[in-house]
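K.L.:
Could you have a look at this structure, given as structure tokens, before my questions?
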Amino acid sequence: MEEKGLSAAFERLNRSAFRRRFKLSAAMKRYVAEKGLETIRRHAEDFVRQRLAPARPPNDGRQTPMKGHPVFLAQHATATCCRGCLNRWWHVPLNVPLTALQQQKIVNLILAWILRQVFVCRCCGACCRIPDGIVRVSEREIARIAAFLGENEETFIAAETELSPDRKSLILKSRADGACVYLTEDNRCRIHPVKPDKCRTFPYEWTNPDSHHICPGLRVCSTGPDGMI
Ligand code: SF4
Ligand code: SF4
């Protein structure tokens, strides 16, 4: 798949009225919550390996039902339902087996779609007050945030950023308790419309092994039935 990152992939999919119309029903969301995302990932891996990965999958074009499992819905929503769609949308060559890497990318796209359907942010602010957590900011992001705050870039850099521990980039400053300087008392982000990509893409495009302990929204859809979506 040649698409550069999940954001670009979803932007493209969202432009298709056909792909956009797929949604998980309440029952499907409950199924995801009951099973947990890791189990759903294993189901997706099995479906992709058995129904898509062979060079010429049996029944190609009709191998993915329109209902019955959240992964099937996700496959239609993400144009990963048959080799024809994979070819037209993601330029995956026809008539050759999918590599392990291609299968992994397809599964990642499917899971990212499912996560977007089931994740509910609790607005707890926990991801903005991780001890030793850092938010790197690029030049483009610095310009955008400074403009939003009505500051010039030099003033912003001096007052609101510091050098990262690895000295490779600038990061947003934290308060003494580890919270980001832009986290408000009611757990809102003061620069929400222009917040850095690292914040904007959590947890849809990246997590780490601690994320499920930190983020209650992820815990609910990743650990099974204690707390339904
Ligand atoms: S910039 Fe906003 S979203 Fe990002 S860590 Fe700070 S408060 Fe949280
Ligand atoms: S930790 Fe999770 S639930 Fe809490 S604000 Fe961050 S994304 Fe939302």
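Going through the structure tokens in order, the chains are called A, B, and so on, while each chain numbers its residues from 1 and the ligands are numbered from 1 in the order shown.
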Which protein, DNA or RNA residues have an atom within 9 Å of ligand 2, counting only C-alpha atoms and all ligand atoms, as a list in words?
P.N.:
Phe119, Val120, Cys121, Arg122, Cys123, Cys124, Gly125, Ala126, Cys127, Cys128, Arg129, Asn187, Arg188, Cys199, Phe202, Pro203, Ser211, His212, Ile214, Cys215, Pro216, Gly217, Leu218 and Arg219 of chain A
K.L.:
Give me the residues within 12 Å of region 104-109 of chain A as a ChimeraX atom specification, counting only C-alpha atoms and dropping any in the same chain fewer than 4 places off.
P.N.:
/A:1-10,13,37-38,40-49,52-53,71-72,74-83,85-86,89-90,92,98-100,113-116,204-206
K.L.:
Pick from A:Ser174, A:Thr64, A:Asn14, A:Thr155: nearest to ligand 1, with only C-alpha atoms and all ligand atoms counted?
P.N.:
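Selected residue with least distance to ligand 1: A:Ser174.
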K.L.:
Grab me every residue within 10 Å of ligand 1, counting only C-alpha atoms and all ligand atoms, and send it over as number ranges by chain.
P.N.:
A: 125-130, 133-137, 145, 172-174, 179-184, 187-202
K.L.:
Please give the complete set of residues from region 86-156 of chain A that DSSP, run on the backbone, assigns to helix (DSSP H, G or I), formatted as a PyMOL selection string.
P.N.:
chain A and resi 86-90+100-118+126-128+139-149+153-156
K.L.:
Mind writing the picked residues with C-alpha atoms as a PDB file, in the first residue's frame?
P.N.:
```
ATOM      1  CA  LEU A  86      -6.882  -3.384  -2.902  1.00  0.00           C
ATOM      2  CA  ASN A  87      -5.514  -2.870  -6.383  1.00  0.00           C
ATOM      3  CA  ARG A  88      -7.694   0.122  -7.315  1.00  0.00           C
ATOM      4  CA  TRP A  89      -7.353   1.944  -4.008  1.00  0.00           C
ATOM      5  CA  TRP A  90      -3.953   0.953  -2.673  1.00  0.00           C
ATOM      6  CA  ALA A 100       3.611 -10.424   5.398  1.00  0.00           C
ATOM      7  CA  LEU A 101       4.222  -6.656   5.448  1.00  0.00           C
ATOM      8  CA  GLN A 102       1.290  -5.972   3.117  1.00  0.00           C
ATOM      9  CA  GLN A 103      -0.954  -8.123   5.289  1.00  0.00           C
ATOM     10  CA  GLN A 104       0.183  -6.260   8.392  1.00  0.00           C
ATOM     11  CA  LYS A 105      -0.536  -2.871   6.776  1.00  0.00           C
ATOM     12  CA  ILE A 106      -4.004  -4.003   5.737  1.00  0.00           C
ATOM     13  CA  VAL A 107      -4.735  -5.253   9.256  1.00  0.00           C
ATOM     14  CA  ASN A 108      -3.462  -1.966  10.711  1.00  0.00           C
ATOM     15  CA  LEU A 109      -5.820   0.000   8.463  1.00  0.00           C
ATOM     16  CA  ILE A 110      -8.757  -2.224   9.406  1.00  0.00           C
ATOM     17  CA  LEU A 111      -8.013  -1.888  13.126  1.00  0.00           C
ATOM     18  CA  ALA A 112      -7.526   1.862  12.827  1.00  0.00           C
ATOM     19  CA  TRP A 113     -10.992   2.140  11.286  1.00  0.00           C
ATOM     20  CA  ILE A 114     -12.520   0.006  14.053  1.00  0.00           C
ATOM     21  CA  LEU A 115     -10.778   2.060  16.727  1.00  0.00           C
ATOM     22  CA  ARG A 116     -12.188   5.250  15.175  1.00  0.00           C
ATOM     23  CA  GLN A 117     -15.655   3.705  15.418  1.00  0.00           C
ATOM     24  CA  VAL A 118     -15.453   2.534  19.025  1.00  0.00           C
ATOM     25  CA  ALA A 126      -4.393  11.782  31.441  1.00  0.00           C
ATOM     26  CA  CYS A 127      -2.529  11.706  28.123  1.00  0.00           C
ATOM     27  CA  CYS A 128      -1.525  15.356  28.671  1.00  0.00           C
ATOM     28  CA  GLU A 139       8.746  24.358  12.713  1.00  0.00           C
ATOM     29  CA  ARG A 140       5.370  24.227  10.986  1.00  0.00           C
ATOM     30  CA  GLU A 141       3.602  23.459  14.262  1.00  0.00           C
ATOM     31  CA  ILE A 142       5.477  26.210  16.096  1.00  0.00           C
ATOM     32  CA  ALA A 143       4.373  28.750  13.488  1.00  0.00           C
ATOM     33  CA  ARG A 144       0.769  27.548  13.709  1.00  0.00           C
ATOM     34  CA  ILE A 145       0.590  27.576  17.518  1.00  0.00           C
ATOM     35  CA  ALA A 146       2.332  30.958  17.814  1.00  0.00           C
ATOM     36  CA  ALA A 147      -0.107  32.482  15.314  1.00  0.00           C
ATOM     37  CA  PHE A 148      -3.049  30.973  17.209  1.00  0.00           C
ATOM     38  CA  LEU A 149      -1.782  32.469  20.473  1.00  0.00           C
ATOM     39  CA  GLU A 153       7.579  32.700  16.952  1.00  0.00           C
ATOM     40  CA  GLU A 154      10.740  33.766  18.807  1.00  0.00           C
ATOM     41  CA  THR A 155       8.759  34.735  21.906  1.00  0.00           C
ATOM     42  CA  PHE A 156       6.805  31.484  21.727  1.00  0.00           C
TER      43      PHE A 156
END
```
K.L.:
I need the residues of region 36-173 of chain A that end up classed as strand (DSSP E or B) by DSSP on the backbone, written out as a PyMOL selection string.
P.N.:
chain A and resi 136-137+161-163+170-172
K.L.:
Could you save those same residues with N, CA and C atoms as a PDB file, in the first residue's frame?
P.N.:
```pdb
ATOM      1  N   ARG A 136       6.948  16.670  20.907  1.00  0.00           N
ATOM      2  CA  ARG A 136       7.840  17.378  19.976  1.00  0.00           C
ATOM      3  C   ARG A 136       7.015  18.297  19.086  1.00  0.00           C
ATOM      4  N   VAL A 137       7.606  19.434  18.727  1.00  0.00           N
ATOM      5  CA  VAL A 137       6.916  20.349  17.813  1.00  0.00           C
ATOM      6  C   VAL A 137       7.839  20.698  16.648  1.00  0.00           C
ATOM      7  N   THR A 161       8.669  26.523  24.878  1.00  0.00           N
ATOM      8  CA  THR A 161       9.310  25.272  24.454  1.00  0.00           C
ATOM      9  C   THR A 161      10.673  25.118  25.133  1.00  0.00           C
ATOM     10  N   GLU A 162      11.169  23.907  25.063  1.00  0.00           N
ATOM     11  CA  GLU A 162      12.519  23.632  25.559  1.00  0.00           C
ATOM     12  C   GLU A 162      13.125  22.540  24.683  1.00  0.00           C
ATOM     13  N   LEU A 163      14.443  22.313  24.861  1.00  0.00           N
ATOM     14  CA  LEU A 163      15.120  21.295  24.061  1.00  0.00           C
ATOM     15  C   LEU A 163      14.732  19.908  24.571  1.00  0.00           C
ATOM     16  N   LEU A 170      12.668  20.619  19.499  1.00  0.00           N
ATOM     17  CA  LEU A 170      12.013  21.365  20.571  1.00  0.00           C
ATOM     18  C   LEU A 170      10.773  20.600  21.014  1.00  0.00           C
ATOM     19  N   ILE A 171      10.467  20.727  22.305  1.00  0.00           N
ATOM     20  CA  ILE A 171       9.261  20.093  22.847  1.00  0.00           C
ATOM     21  C   ILE A 171       8.484  21.141  23.627  1.00  0.00           C
ATOM     22  N   LEU A 172       7.191  20.904  23.818  1.00  0.00           N
ATOM     23  CA  LEU A 172       6.402  21.811  24.646  1.00  0.00           C
ATOM     24  C   LEU A 172       6.837  21.677  26.097  1.00  0.00           C
TER      25      LEU A 172
END
```
K.L.:
Please compute the CA of Asp166 (chain A)-CA of Asp132 (chain A) distance, one decimal, in Å.
P.N.:
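Here the two named atoms are 12.7 Å from each other.
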K.L.:
So, with only C-alpha atoms as the atoms that count, which of A:Ala17, A:Leu94, A:Ala176, A:Ile157 lies closest to Pro57 (chain A)?
P.N.:
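Selected residue with least distance to Pro57 (chain A): A:Leu94.
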K.L.:
As an MDAnalysis selection string, please: the residues near region 67-69 of chain A (cut-off 9 Å, only C-alpha atoms, same-chain neighbours under 4 positions excluded).
P.N.:
chainID A and resid 28 31 73:74
K.L.:
Interatomic distance between CA of Pro165 (chain A) and CA of Glu185 (chain A)?
P.N.:
26.8 Å
K.L.:
To one decimal in Å, tell me the separation between CA of Arg56 (chain A) and CA of Val96 (chain A).
P.N.:
7.4 Å
